[in-house]
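Shown next: protein-v2.txt, containing compact mmCIF, N, CA and C atoms.
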# COMPACT_ATOMS: atom_id res chain seq x y z
N MET A 1 -16.93 -18.45 -1.18
CA MET A 1 -15.92 -17.49 -1.52
C MET A 1 -16.20 -16.12 -0.89
N GLU A 2 -17.45 -15.85 -0.59
CA GLU A 2 -17.79 -14.58 0.04
C GLU A 2 -17.08 -14.40 1.39
N ALA A 3 -16.95 -15.49 2.13
CA ALA A 3 -16.28 -15.41 3.44
C ALA A 3 -14.81 -15.01 3.27
N VAL A 4 -14.15 -15.57 2.27
CA VAL A 4 -12.74 -15.24 2.03
C VAL A 4 -12.61 -13.79 1.58
N LEU A 5 -13.48 -13.35 0.68
CA LEU A 5 -13.45 -11.97 0.22
C LEU A 5 -13.67 -10.99 1.38
N LYS A 6 -14.57 -11.35 2.29
CA LYS A 6 -14.84 -10.51 3.44
C LYS A 6 -13.62 -10.44 4.37
N ILE A 7 -12.98 -11.58 4.59
CA ILE A 7 -11.78 -11.62 5.44
C ILE A 7 -10.67 -10.77 4.82
N VAL A 8 -10.47 -10.93 3.51
CA VAL A 8 -9.43 -10.15 2.82
C VAL A 8 -9.74 -8.66 2.93
N GLU A 9 -10.98 -8.28 2.77
CA GLU A 9 -11.36 -6.86 2.83
C GLU A 9 -11.24 -6.28 4.24
N GLU A 10 -11.58 -7.06 5.25
CA GLU A 10 -11.57 -6.56 6.62
C GLU A 10 -10.23 -6.72 7.33
N CYS A 11 -9.43 -7.70 6.93
CA CYS A 11 -8.20 -8.01 7.65
C CYS A 11 -6.95 -7.86 6.79
N TRP A 12 -7.02 -7.05 5.74
CA TRP A 12 -5.93 -6.92 4.79
C TRP A 12 -4.62 -6.47 5.42
N SER A 13 -4.66 -5.74 6.52
CA SER A 13 -3.42 -5.26 7.12
C SER A 13 -2.77 -6.29 8.04
N GLN A 14 -3.47 -7.38 8.30
CA GLN A 14 -2.94 -8.45 9.15
C GLN A 14 -2.16 -9.45 8.30
N PRO A 15 -1.25 -10.19 8.90
CA PRO A 15 -0.54 -11.22 8.13
C PRO A 15 -1.50 -12.37 7.80
N LEU A 16 -1.89 -12.45 6.55
CA LEU A 16 -2.80 -13.51 6.10
C LEU A 16 -2.07 -14.44 5.15
N ARG A 17 -2.23 -15.73 5.36
CA ARG A 17 -1.65 -16.73 4.46
C ARG A 17 -2.78 -17.49 3.79
N VAL A 18 -2.53 -17.92 2.57
CA VAL A 18 -3.53 -18.67 1.82
C VAL A 18 -3.93 -19.93 2.58
N GLY A 19 -2.96 -20.60 3.19
CA GLY A 19 -3.25 -21.81 3.96
C GLY A 19 -4.22 -21.56 5.10
N ASP A 20 -4.03 -20.44 5.79
CA ASP A 20 -4.93 -20.09 6.90
C ASP A 20 -6.33 -19.80 6.40
N LEU A 21 -6.43 -19.05 5.30
CA LEU A 21 -7.74 -18.74 4.72
C LEU A 21 -8.44 -20.01 4.25
N ALA A 22 -7.67 -20.90 3.61
CA ALA A 22 -8.23 -22.15 3.12
C ALA A 22 -8.78 -23.00 4.26
N GLU A 23 -8.04 -23.05 5.35
CA GLU A 23 -8.47 -23.82 6.52
C GLU A 23 -9.78 -23.25 7.09
N LEU A 24 -9.89 -21.93 7.12
CA LEU A 24 -11.10 -21.29 7.64
C LEU A 24 -12.36 -21.66 6.85
N VAL A 25 -12.20 -21.85 5.54
CA VAL A 25 -13.37 -22.16 4.71
C VAL A 25 -13.44 -23.63 4.30
N GLY A 26 -12.54 -24.45 4.83
CA GLY A 26 -12.60 -25.89 4.59
C GLY A 26 -12.18 -26.32 3.19
N LEU A 27 -11.23 -25.59 2.59
CA LEU A 27 -10.72 -25.96 1.27
C LEU A 27 -9.22 -26.15 1.34
N SER A 28 -8.68 -26.84 0.34
CA SER A 28 -7.23 -26.91 0.25
C SER A 28 -6.73 -25.58 -0.28
N PRO A 29 -5.48 -25.22 0.02
CA PRO A 29 -4.95 -23.95 -0.50
C PRO A 29 -5.01 -23.85 -2.03
N VAL A 30 -4.74 -24.95 -2.71
CA VAL A 30 -4.78 -24.95 -4.17
C VAL A 30 -6.19 -24.69 -4.67
N ARG A 31 -7.17 -25.35 -4.06
CA ARG A 31 -8.56 -25.17 -4.48
C ARG A 31 -9.04 -23.74 -4.19
N LEU A 32 -8.66 -23.22 -3.04
CA LEU A 32 -9.02 -21.85 -2.70
C LEU A 32 -8.46 -20.87 -3.73
N GLN A 33 -7.18 -21.04 -4.06
CA GLN A 33 -6.55 -20.16 -5.06
C GLN A 33 -7.30 -20.23 -6.39
N HIS A 34 -7.64 -21.44 -6.81
CA HIS A 34 -8.34 -21.63 -8.07
C HIS A 34 -9.70 -20.94 -8.06
N LEU A 35 -10.48 -21.17 -7.03
CA LEU A 35 -11.81 -20.58 -6.94
C LEU A 35 -11.75 -19.05 -6.80
N PHE A 36 -10.80 -18.58 -6.02
CA PHE A 36 -10.65 -17.14 -5.82
C PHE A 36 -10.31 -16.45 -7.14
N LYS A 37 -9.37 -17.02 -7.87
CA LYS A 37 -8.98 -16.43 -9.16
C LYS A 37 -10.12 -16.51 -10.16
N GLN A 38 -10.84 -17.60 -10.13
CA GLN A 38 -11.98 -17.77 -11.03
C GLN A 38 -13.05 -16.70 -10.77
N GLU A 39 -13.27 -16.37 -9.50
CA GLU A 39 -14.30 -15.41 -9.15
C GLU A 39 -13.84 -13.96 -9.28
N THR A 40 -12.58 -13.68 -8.93
CA THR A 40 -12.12 -12.29 -8.89
C THR A 40 -11.20 -11.91 -10.06
N GLY A 41 -10.63 -12.89 -10.71
CA GLY A 41 -9.68 -12.60 -11.80
C GLY A 41 -8.27 -12.36 -11.33
N THR A 42 -8.03 -12.50 -10.04
CA THR A 42 -6.69 -12.30 -9.49
C THR A 42 -6.45 -13.30 -8.36
N SER A 43 -5.22 -13.43 -7.93
CA SER A 43 -4.90 -14.36 -6.85
C SER A 43 -5.16 -13.71 -5.49
N VAL A 44 -5.22 -14.53 -4.47
CA VAL A 44 -5.41 -14.03 -3.11
C VAL A 44 -4.25 -13.11 -2.76
N ARG A 45 -3.04 -13.56 -3.04
CA ARG A 45 -1.84 -12.77 -2.73
C ARG A 45 -1.87 -11.43 -3.44
N ARG A 46 -2.20 -11.41 -4.72
CA ARG A 46 -2.25 -10.17 -5.50
C ARG A 46 -3.34 -9.24 -4.95
N SER A 47 -4.46 -9.81 -4.59
CA SER A 47 -5.56 -9.03 -4.04
C SER A 47 -5.14 -8.33 -2.75
N LEU A 48 -4.48 -9.07 -1.86
CA LEU A 48 -3.99 -8.49 -0.61
C LEU A 48 -2.94 -7.41 -0.88
N LEU A 49 -2.02 -7.70 -1.78
CA LEU A 49 -0.96 -6.75 -2.10
C LEU A 49 -1.54 -5.46 -2.68
N ASP A 50 -2.47 -5.59 -3.62
CA ASP A 50 -3.10 -4.41 -4.22
C ASP A 50 -3.84 -3.58 -3.18
N ARG A 51 -4.54 -4.24 -2.28
CA ARG A 51 -5.28 -3.52 -1.22
C ARG A 51 -4.32 -2.77 -0.31
N ARG A 52 -3.23 -3.43 0.08
CA ARG A 52 -2.25 -2.81 0.96
C ARG A 52 -1.57 -1.61 0.29
N LEU A 53 -1.21 -1.78 -0.97
CA LEU A 53 -0.54 -0.70 -1.69
C LEU A 53 -1.47 0.48 -1.96
N SER A 54 -2.72 0.20 -2.24
CA SER A 54 -3.69 1.28 -2.43
C SER A 54 -3.87 2.08 -1.15
N GLU A 55 -3.94 1.39 -0.04
CA GLU A 55 -4.06 2.08 1.25
C GLU A 55 -2.79 2.88 1.55
N ALA A 56 -1.63 2.31 1.25
CA ALA A 56 -0.37 3.01 1.47
C ALA A 56 -0.32 4.30 0.64
N LYS A 57 -0.73 4.22 -0.61
CA LYS A 57 -0.76 5.40 -1.47
C LYS A 57 -1.69 6.46 -0.88
N HIS A 58 -2.85 6.03 -0.42
CA HIS A 58 -3.79 6.96 0.20
C HIS A 58 -3.16 7.62 1.43
N LEU A 59 -2.50 6.86 2.27
CA LEU A 59 -1.88 7.40 3.47
C LEU A 59 -0.72 8.34 3.15
N LEU A 60 0.06 8.01 2.11
CA LEU A 60 1.16 8.88 1.71
C LEU A 60 0.64 10.25 1.27
N ILE A 61 -0.49 10.24 0.59
CA ILE A 61 -1.06 11.48 0.09
C ILE A 61 -1.77 12.27 1.19
N SER A 62 -2.46 11.57 2.07
CA SER A 62 -3.36 12.25 3.00
C SER A 62 -2.88 12.37 4.44
N SER A 63 -1.75 11.78 4.78
CA SER A 63 -1.32 11.84 6.18
C SER A 63 0.11 12.37 6.28
N ASN A 64 0.50 12.64 7.49
CA ASN A 64 1.87 13.07 7.78
C ASN A 64 2.71 11.92 8.32
N ALA A 65 2.19 10.70 8.26
CA ALA A 65 2.91 9.55 8.79
C ALA A 65 4.17 9.29 7.98
N SER A 66 5.18 8.76 8.63
CA SER A 66 6.43 8.44 7.93
C SER A 66 6.23 7.21 7.04
N VAL A 67 7.12 7.04 6.10
CA VAL A 67 7.06 5.88 5.22
C VAL A 67 7.17 4.60 6.04
N LYS A 68 8.04 4.60 7.01
CA LYS A 68 8.21 3.42 7.86
C LYS A 68 6.91 3.08 8.59
N GLU A 69 6.27 4.10 9.15
CA GLU A 69 5.01 3.89 9.87
C GLU A 69 3.93 3.35 8.92
N ILE A 70 3.83 3.94 7.75
CA ILE A 70 2.84 3.50 6.76
C ILE A 70 3.13 2.08 6.32
N CYS A 71 4.38 1.78 6.08
CA CYS A 71 4.80 0.43 5.67
C CYS A 71 4.26 -0.63 6.63
N PHE A 72 4.47 -0.43 7.90
CA PHE A 72 4.03 -1.41 8.89
C PHE A 72 2.52 -1.36 9.12
N ARG A 73 1.95 -0.17 9.02
CA ARG A 73 0.51 -0.03 9.22
C ARG A 73 -0.30 -0.80 8.17
N VAL A 74 0.21 -0.86 6.95
CA VAL A 74 -0.53 -1.54 5.88
C VAL A 74 -0.16 -3.01 5.74
N GLY A 75 0.69 -3.52 6.62
CA GLY A 75 0.92 -4.95 6.66
C GLY A 75 2.20 -5.47 6.03
N PHE A 76 3.14 -4.59 5.71
CA PHE A 76 4.43 -5.06 5.20
C PHE A 76 5.36 -5.33 6.35
N GLY A 77 6.20 -6.33 6.20
CA GLY A 77 7.12 -6.71 7.26
C GLY A 77 8.40 -5.91 7.26
N ASP A 78 8.77 -5.34 6.10
CA ASP A 78 9.98 -4.53 6.05
C ASP A 78 9.85 -3.45 4.98
N GLN A 79 10.59 -2.39 5.17
CA GLN A 79 10.48 -1.21 4.33
C GLN A 79 11.00 -1.46 2.92
N ALA A 80 12.06 -2.26 2.77
CA ALA A 80 12.62 -2.51 1.44
C ALA A 80 11.61 -3.23 0.55
N ASN A 81 10.92 -4.22 1.08
CA ASN A 81 9.90 -4.94 0.33
C ASN A 81 8.75 -4.00 -0.04
N PHE A 82 8.35 -3.15 0.91
CA PHE A 82 7.29 -2.17 0.64
C PHE A 82 7.69 -1.25 -0.50
N GLN A 83 8.89 -0.69 -0.44
CA GLN A 83 9.33 0.26 -1.45
C GLN A 83 9.41 -0.38 -2.84
N ALA A 84 9.94 -1.60 -2.90
CA ALA A 84 10.04 -2.30 -4.19
C ALA A 84 8.66 -2.62 -4.74
N SER A 85 7.76 -3.10 -3.89
CA SER A 85 6.40 -3.43 -4.32
C SER A 85 5.65 -2.19 -4.77
N PHE A 86 5.83 -1.09 -4.04
CA PHE A 86 5.15 0.16 -4.37
C PHE A 86 5.59 0.66 -5.74
N LYS A 87 6.89 0.66 -5.96
CA LYS A 87 7.41 1.15 -7.25
C LYS A 87 6.96 0.25 -8.40
N LYS A 88 6.95 -1.04 -8.17
CA LYS A 88 6.51 -1.97 -9.21
C LYS A 88 5.03 -1.77 -9.54
N ARG A 89 4.21 -1.56 -8.53
CA ARG A 89 2.75 -1.42 -8.73
C ARG A 89 2.37 -0.10 -9.38
N PHE A 90 2.99 1.01 -8.92
CA PHE A 90 2.58 2.32 -9.39
C PHE A 90 3.55 2.94 -10.41
N GLY A 91 4.70 2.30 -10.61
CA GLY A 91 5.66 2.80 -11.59
C GLY A 91 6.43 4.03 -11.14
N ARG A 92 6.24 4.42 -9.90
CA ARG A 92 6.93 5.58 -9.34
C ARG A 92 7.31 5.28 -7.91
N HIS A 93 8.37 5.92 -7.48
CA HIS A 93 8.82 5.78 -6.10
C HIS A 93 7.79 6.40 -5.16
N HIS A 94 7.67 5.89 -3.95
CA HIS A 94 6.65 6.35 -3.01
C HIS A 94 6.75 7.83 -2.66
N VAL A 95 7.94 8.42 -2.74
CA VAL A 95 8.07 9.83 -2.36
C VAL A 95 7.33 10.76 -3.32
N HIS A 96 6.99 10.30 -4.50
CA HIS A 96 6.25 11.12 -5.45
C HIS A 96 4.78 11.29 -5.04
N PHE A 97 4.34 10.54 -4.06
CA PHE A 97 2.94 10.59 -3.66
C PHE A 97 2.70 11.30 -2.35
N GLY A 98 3.75 11.70 -1.67
CA GLY A 98 3.53 12.27 -0.34
C GLY A 98 4.16 13.62 -0.13
N TRP A 99 3.65 14.29 0.88
CA TRP A 99 4.18 15.59 1.29
C TRP A 99 5.23 15.44 2.39
N HIS A 100 5.38 14.25 2.91
CA HIS A 100 6.20 14.06 4.09
C HIS A 100 7.69 14.26 3.87
N ARG A 101 8.16 14.25 2.66
CA ARG A 101 9.59 14.41 2.39
C ARG A 101 9.94 15.81 1.90
N GLY A 102 8.98 16.62 1.63
CA GLY A 102 9.26 17.95 1.11
C GLY A 102 7.98 18.63 0.71
N VAL A 103 8.09 19.55 -0.18
CA VAL A 103 6.93 20.31 -0.63
C VAL A 103 6.68 19.97 -2.08
N GLN A 104 5.44 19.66 -2.43
CA GLN A 104 5.10 19.42 -3.82
C GLN A 104 4.62 20.73 -4.41
N LEU A 105 5.21 21.10 -5.52
CA LEU A 105 4.86 22.33 -6.19
C LEU A 105 4.78 22.05 -7.68
N ALA A 106 3.62 22.20 -8.26
CA ALA A 106 3.41 21.99 -9.70
C ALA A 106 3.89 20.61 -10.13
N GLY A 107 3.67 19.61 -9.30
CA GLY A 107 4.01 18.24 -9.66
C GLY A 107 5.44 17.83 -9.37
N TYR A 108 6.25 18.74 -8.86
CA TYR A 108 7.64 18.42 -8.56
C TYR A 108 7.83 18.32 -7.06
N LEU A 109 8.72 17.47 -6.66
CA LEU A 109 9.00 17.30 -5.24
C LEU A 109 10.23 18.12 -4.89
N LEU A 110 10.09 19.06 -4.02
CA LEU A 110 11.20 19.89 -3.58
C LEU A 110 11.63 19.38 -2.21
N THR A 111 12.87 18.95 -2.10
CA THR A 111 13.32 18.40 -0.83
C THR A 111 14.03 19.45 0.00
N ALA A 112 14.35 20.59 -0.58
CA ALA A 112 14.99 21.65 0.18
C ALA A 112 13.92 22.56 0.77
N SER A 113 14.30 23.35 1.71
CA SER A 113 13.39 24.31 2.31
C SER A 113 12.95 25.31 1.25
N PRO A 114 11.66 25.67 1.18
CA PRO A 114 11.21 26.68 0.23
C PRO A 114 11.97 28.00 0.38
N ARG A 115 12.32 28.35 1.63
CA ARG A 115 13.07 29.60 1.86
C ARG A 115 14.43 29.53 1.19
N LEU A 116 15.11 28.37 1.27
CA LEU A 116 16.40 28.21 0.61
C LEU A 116 16.28 28.30 -0.90
N LEU A 117 15.13 27.93 -1.42
CA LEU A 117 14.90 27.97 -2.85
C LEU A 117 14.42 29.34 -3.32
N GLY A 118 14.28 30.28 -2.39
CA GLY A 118 13.87 31.62 -2.75
C GLY A 118 12.37 31.78 -2.86
N ILE A 119 11.60 30.84 -2.30
CA ILE A 119 10.15 30.92 -2.32
C ILE A 119 9.70 31.56 -1.02
N ASN A 120 9.17 32.76 -1.11
CA ASN A 120 8.78 33.48 0.10
C ASN A 120 7.28 33.54 0.30
N SER A 121 6.55 32.66 -0.34
CA SER A 121 5.11 32.66 -0.22
C SER A 121 4.68 32.25 1.18
N PRO A 122 3.66 32.92 1.75
CA PRO A 122 3.16 32.53 3.07
C PRO A 122 2.51 31.13 3.06
N LEU A 123 2.23 30.58 1.88
CA LEU A 123 1.65 29.24 1.80
C LEU A 123 2.58 28.19 2.36
N PHE A 124 3.87 28.46 2.36
CA PHE A 124 4.84 27.47 2.79
C PHE A 124 5.23 27.59 4.25
N TYR A 125 4.71 28.60 4.93
CA TYR A 125 5.14 28.83 6.31
C TYR A 125 4.00 28.85 7.27
What's the structure tokens form of this structure?
Amino acid sequence: MEAVLKIVEECWSQPLRVGDLAELVGLSPVRLQHLFKQETGTSVRRSLLDRRLSEAKHLLISSNASVKEICFRVGFGDQANFQASFKKRFGRHHVHFGWHRGVQLAGYLLTASPRLLGINSPLFY
């Protein structure tokens, strides 16, 4: 099981299927799923999804990359699936975690220009 865990950790952004992982370690997909869940407490699919979403959250907070770019960078095939999965996992829409859509001020997301909102602080310019 260590080999599968290592592959999941190192290749999480690549398209990984349970069948492919099972073949690599010489197990049936059903047996792999059973052993993986027994050892980790979660399924292979859930483990990959959680890793991808955690990385996406990190990128939304720490980078200027667009949502579309982040979506594909972390291994999602389409933006709609990414957005739905993100909201389901974190309970909030992805725009609440990033600066890329506006300015965050005291926990609120402002999508208008700070100047239009009457904020003349040099922090925003």
Tell me which protein, DNA and RNA residues are within 12 Å of Cys71 in chain A, counting only C-alpha atoms, leaving out same-chain ones fewer than 3 positions away, and put them as a CSV table (one decimal) with N, CA and C atoms, keeping the file's coordinate frame.
chain,number,residue,atom,x,y,z
A,13,SER,N,-4.7,-5.7,6.5
A,13,SER,CA,-3.4,-5.3,7.1
A,13,SER,C,-2.8,-6.3,8.0
A,52,ARG,N,-3.2,-3.4,0.1
A,52,ARG,CA,-2.2,-2.8,1.0
A,52,ARG,C,-1.6,-1.6,0.3
A,53,LEU,N,-1.2,-1.8,-1.0
A,53,LEU,CA,-0.5,-0.7,-1.7
A,53,LEU,C,-1.5,0.5,-2.0
A,54,SER,N,-2.7,0.2,-2.2
A,54,SER,CA,-3.7,1.3,-2.4
A,54,SER,C,-3.9,2.1,-1.2
A,55,GLU,N,-3.9,1.4,0.0
A,55,GLU,CA,-4.1,2.1,1.2
A,55,GLU,C,-2.8,2.9,1.6
A,56,ALA,N,-1.6,2.3,1.2
A,56,ALA,CA,-0.4,3.0,1.5
A,56,ALA,C,-0.3,4.3,0.6
A,57,LYS,N,-0.7,4.2,-0.6
A,57,LYS,CA,-0.8,5.4,-1.5
A,57,LYS,C,-1.7,6.5,-0.9
A,59,LEU,N,-2.5,6.9,2.3
A,59,LEU,CA,-1.9,7.4,3.5
A,59,LEU,C,-0.7,8.3,3.2
A,60,LEU,N,0.1,8.0,2.1
A,60,LEU,CA,1.2,8.9,1.7
A,60,LEU,C,0.6,10.2,1.3
A,65,ALA,N,2.2,10.7,8.3
A,65,ALA,CA,2.9,9.6,8.8
A,65,ALA,C,4.2,9.3,8.0
A,66,SER,N,5.2,8.8,8.6
A,66,SER,CA,6.4,8.4,7.9
A,66,SER,C,6.2,7.2,7.0
A,67,VAL,N,7.1,7.0,6.1
A,67,VAL,CA,7.1,5.9,5.2
A,67,VAL,C,7.2,4.6,6.0
A,68,LYS,N,8.0,4.6,7.0
A,68,LYS,CA,8.2,3.4,7.9
A,68,LYS,C,6.9,3.1,8.6
A,74,VAL,N,0.2,-0.9,7.0
A,74,VAL,CA,-0.5,-1.5,5.9
A,74,VAL,C,-0.2,-3.0,5.7
A,75,GLY,N,0.7,-3.5,6.6
A,75,GLY,CA,0.9,-5.0,6.7
A,75,GLY,C,2.2,-5.5,6.0
A,76,PHE,N,3.1,-4.6,5.7
A,76,PHE,CA,4.4,-5.1,5.2
A,76,PHE,C,5.4,-5.3,6.4
A,77,GLY,N,6.2,-6.3,6.2
A,77,GLY,CA,7.1,-6.7,7.3
A,77,GLY,C,8.4,-5.9,7.3
A,78,ASP,N,8.8,-5.3,6.1
A,78,ASP,CA,10.0,-4.5,6.0
A,78,ASP,C,9.8,-3.4,5.0
A,79,GLN,N,10.6,-2.4,5.2
A,79,GLN,CA,10.5,-1.2,4.3
A,79,GLN,C,11.0,-1.5,2.9
A,80,ALA,N,12.1,-2.3,2.8
A,80,ALA,CA,12.6,-2.5,1.4
A,80,ALA,C,11.6,-3.2,0.6
A,81,ASN,N,10.9,-4.2,1.1
A,81,ASN,CA,9.9,-4.9,0.3
A,81,ASN,C,8.8,-4.0,0.0
A,82,PHE,N,8.4,-3.2,0.9
A,82,PHE,CA,7.3,-2.2,0.6
A,82,PHE,C,7.7,-1.2,-0.5
A,83,GLN,N,8.9,-0.7,-0.4
A,83,GLN,CA,9.3,0.3,-1.4
A,83,GLN,C,9.4,-0.4,-2.8
A,84,ALA,N,9.9,-1.6,-2.9
A,84,ALA,CA,10.0,-2.3,-4.2
A,84,ALA,C,8.7,-2.6,-4.7
A,85,SER,N,7.8,-3.1,-3.9
A,85,SER,CA,6.4,-3.4,-4.3
A,85,SER,C,5.6,-2.2,-4.8
A,86,PHE,N,5.8,-1.1,-4.0
A,86,PHE,CA,5.2,0.2,-4.4
A,86,PHE,C,5.6,0.7,-5.7
A,94,HIS,N,7.7,5.9,-4.0
A,94,HIS,CA,6.6,6.4,-3.0
A,94,HIS,C,6.8,7.8,-2.7
Quiz item: Out of range 63-95 of chain A, which residues get alpha helix (DSSP H) from DSSP, as a PyMOL selection string?
Solution: chain A and resi 67-73+79-90
Store the residues picked out above, limited to N, CA and C atoms, as a tab-separated table (two decimals), in the coordinates of the input.
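For reference, again-v5.tsv as written:
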chain	number	residue	atom	x	y	z
A	67	VAL	N	7.12	7.04	6.10
A	67	VAL	CA	7.06	5.88	5.22
A	67	VAL	C	7.17	4.60	6.04
A	68	LYS	N	8.04	4.60	7.01
A	68	LYS	CA	8.21	3.42	7.86
A	68	LYS	C	6.91	3.08	8.59
A	69	GLU	N	6.27	4.10	9.15
A	69	GLU	CA	5.01	3.89	9.87
A	69	GLU	C	3.93	3.35	8.92
A	70	ILE	N	3.83	3.94	7.75
A	70	ILE	CA	2.84	3.50	6.76
A	70	ILE	C	3.13	2.08	6.32
A	71	CYS	N	4.38	1.78	6.08
A	71	CYS	CA	4.80	0.43	5.67
A	71	CYS	C	4.26	-0.63	6.63
A	72	PHE	N	4.47	-0.43	7.90
A	72	PHE	CA	4.03	-1.41	8.89
A	72	PHE	C	2.52	-1.36	9.12
A	73	ARG	N	1.95	-0.17	9.02
A	73	ARG	CA	0.51	-0.03	9.22
A	73	ARG	C	-0.30	-0.80	8.17
A	79	GLN	N	10.59	-2.39	5.17
A	79	GLN	CA	10.48	-1.21	4.33
A	79	GLN	C	11.00	-1.46	2.92
A	80	ALA	N	12.06	-2.26	2.77
A	80	ALA	CA	12.62	-2.51	1.44
A	80	ALA	C	11.61	-3.23	0.55
A	81	ASN	N	10.92	-4.22	1.08
A	81	ASN	CA	9.90	-4.94	0.33
A	81	ASN	C	8.75	-4.00	-0.04
A	82	PHE	N	8.35	-3.15	0.91
A	82	PHE	CA	7.29	-2.17	0.64
A	82	PHE	C	7.69	-1.25	-0.50
A	83	GLN	N	8.89	-0.69	-0.44
A	83	GLN	CA	9.33	0.26	-1.45
A	83	GLN	C	9.41	-0.38	-2.84
A	84	ALA	N	9.94	-1.60	-2.90
A	84	ALA	CA	10.04	-2.30	-4.19
A	84	ALA	C	8.66	-2.62	-4.74
A	85	SER	N	7.76	-3.10	-3.89
A	85	SER	CA	6.40	-3.43	-4.32
A	85	SER	C	5.65	-2.19	-4.77
A	86	PHE	N	5.83	-1.09	-4.04
A	86	PHE	CA	5.15	0.16	-4.37
A	86	PHE	C	5.59	0.66	-5.74
A	87	LYS	N	6.89	0.66	-5.96
A	87	LYS	CA	7.41	1.15	-7.25
A	87	LYS	C	6.96	0.25	-8.40
A	88	LYS	N	6.95	-1.04	-8.17
A	88	LYS	CA	6.51	-1.97	-9.21
A	88	LYS	C	5.03	-1.77	-9.54
A	89	ARG	N	4.21	-1.56	-8.53
A	89	ARG	CA	2.75	-1.42	-8.73
A	89	ARG	C	2.37	-0.10	-9.38
A	90	PHE	N	2.99	1.01	-8.92
A	90	PHE	CA	2.58	2.32	-9.39
A	90	PHE	C	3.55	2.94	-10.41
Quiz prompt | Between atom C of Ala22 in chain A and atom C of Val8 in chain A - distance in Å to one decimal | solution = 14.4 Å
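Taking atom N of Val4 in chain A and atom C of Lys87 in chain A as the two end points, the separation is 28.5 Å.
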Self-check item: Interatomic distance (Å, one decimal) between atom N of Arg45 in chain A and CA of Val18 in chain A
Solution: 7.1 Å
For Glu9 in chain A: contacts at 12 Å, only C-alpha atoms, fewer than 2 positions along chain excluded, given as a PDB file with N, CA and C atoms, keeping the file's coordinate frame:
ATOM      1  N   GLU A   2     -17.450 -15.850  -0.590  1.00  0.00           N
ATOM      2  CA  GLU A   2     -17.790 -14.580   0.040  1.00  0.00           C
ATOM      3  C   GLU A   2     -17.080 -14.400   1.390  1.00  0.00           C
ATOM      4  N   ALA A   3     -16.950 -15.490   2.130  1.00  0.00           N
ATOM      5  CA  ALA A   3     -16.280 -15.410   3.440  1.00  0.00           C
ATOM      6  C   ALA A   3     -14.810 -15.010   3.270  1.00  0.00           C
ATOM      7  N   VAL A   4     -14.150 -15.570   2.270  1.00  0.00           N
ATOM      8  CA  VAL A   4     -12.740 -15.240   2.030  1.00  0.00           C
ATOM      9  C   VAL A   4     -12.610 -13.790   1.580  1.00  0.00           C
ATOM     10  N   LEU A   5     -13.480 -13.350   0.680  1.00  0.00           N
ATOM     11  CA  LEU A   5     -13.450 -11.970   0.220  1.00  0.00           C
ATOM     12  C   LEU A   5     -13.670 -10.990   1.380  1.00  0.00           C
ATOM     13  N   LYS A   6     -14.570 -11.350   2.290  1.00  0.00           N
ATOM     14  CA  LYS A   6     -14.840 -10.510   3.440  1.00  0.00           C
ATOM     15  C   LYS A   6     -13.620 -10.440   4.370  1.00  0.00           C
ATOM     16  N   ILE A   7     -12.980 -11.580   4.590  1.00  0.00           N
ATOM     17  CA  ILE A   7     -11.780 -11.620   5.440  1.00  0.00           C
ATOM     18  C   ILE A   7     -10.670 -10.770   4.820  1.00  0.00           C
ATOM     19  N   CYS A  11      -9.430  -7.700   6.930  1.00  0.00           N
ATOM     20  CA  CYS A  11      -8.200  -8.010   7.650  1.00  0.00           C
ATOM     21  C   CYS A  11      -6.950  -7.860   6.790  1.00  0.00           C
ATOM     22  N   TRP A  12      -7.020  -7.050   5.740  1.00  0.00           N
ATOM     23  CA  TRP A  12      -5.930  -6.920   4.790  1.00  0.00           C
ATOM     24  C   TRP A  12      -4.620  -6.470   5.420  1.00  0.00           C
ATOM     25  N   SER A  13      -4.660  -5.740   6.520  1.00  0.00           N
ATOM     26  CA  SER A  13      -3.420  -5.260   7.120  1.00  0.00           C
ATOM     27  C   SER A  13      -2.770  -6.290   8.040  1.00  0.00           C
ATOM     28  N   GLN A  14      -3.470  -7.380   8.300  1.00  0.00           N
ATOM     29  CA  GLN A  14      -2.940  -8.450   9.150  1.00  0.00           C
ATOM     30  C   GLN A  14      -2.160  -9.450   8.300  1.00  0.00           C
ATOM     31  N   LEU A  16      -1.890 -12.450   6.550  1.00  0.00           N
ATOM     32  CA  LEU A  16      -2.800 -13.510   6.100  1.00  0.00           C
ATOM     33  C   LEU A  16      -2.070 -14.440   5.150  1.00  0.00           C
ATOM     34  N   VAL A  44      -5.220 -14.530  -4.470  1.00  0.00           N
ATOM     35  CA  VAL A  44      -5.410 -14.030  -3.110  1.00  0.00           C
ATOM     36  C   VAL A  44      -4.250 -13.110  -2.760  1.00  0.00           C
ATOM     37  N   SER A  47      -4.460  -9.810  -4.590  1.00  0.00           N
ATOM     38  CA  SER A  47      -5.560  -9.030  -4.040  1.00  0.00           C
ATOM     39  C   SER A  47      -5.140  -8.330  -2.750  1.00  0.00           C
ATOM     40  N   LEU A  48      -4.480  -9.070  -1.860  1.00  0.00           N
ATOM     41  CA  LEU A  48      -3.990  -8.490  -0.610  1.00  0.00           C
ATOM     42  C   LEU A  48      -2.940  -7.410  -0.880  1.00  0.00           C
ATOM     43  N   LEU A  49      -2.020  -7.700  -1.780  1.00  0.00           N
ATOM     44  CA  LEU A  49      -0.960  -6.750  -2.100  1.00  0.00           C
ATOM     45  C   LEU A  49      -1.540  -5.460  -2.680  1.00  0.00           C
ATOM     46  N   ASP A  50      -2.470  -5.590  -3.620  1.00  0.00           N
ATOM     47  CA  ASP A  50      -3.100  -4.410  -4.220  1.00  0.00           C
ATOM     48  C   ASP A  50      -3.840  -3.580  -3.180  1.00  0.00           C
ATOM     49  N   ARG A  51      -4.540  -4.240  -2.280  1.00  0.00           N
ATOM     50  CA  ARG A  51      -5.280  -3.520  -1.220  1.00  0.00           C
ATOM     51  C   ARG A  51      -4.320  -2.770  -0.310  1.00  0.00           C
ATOM     52  N   ARG A  52      -3.230  -3.430   0.080  1.00  0.00           N
ATOM     53  CA  ARG A  52      -2.250  -2.810   0.960  1.00  0.00           C
ATOM     54  C   ARG A  52      -1.570  -1.610   0.290  1.00  0.00           C
ATOM     55  N   GLU A  55      -3.940   1.390  -0.040  1.00  0.00           N
ATOM     56  CA  GLU A  55      -4.060   2.080   1.250  1.00  0.00           C
ATOM     57  C   GLU A  55      -2.790   2.880   1.550  1.00  0.00           C
TER      58      GLU A  55
END
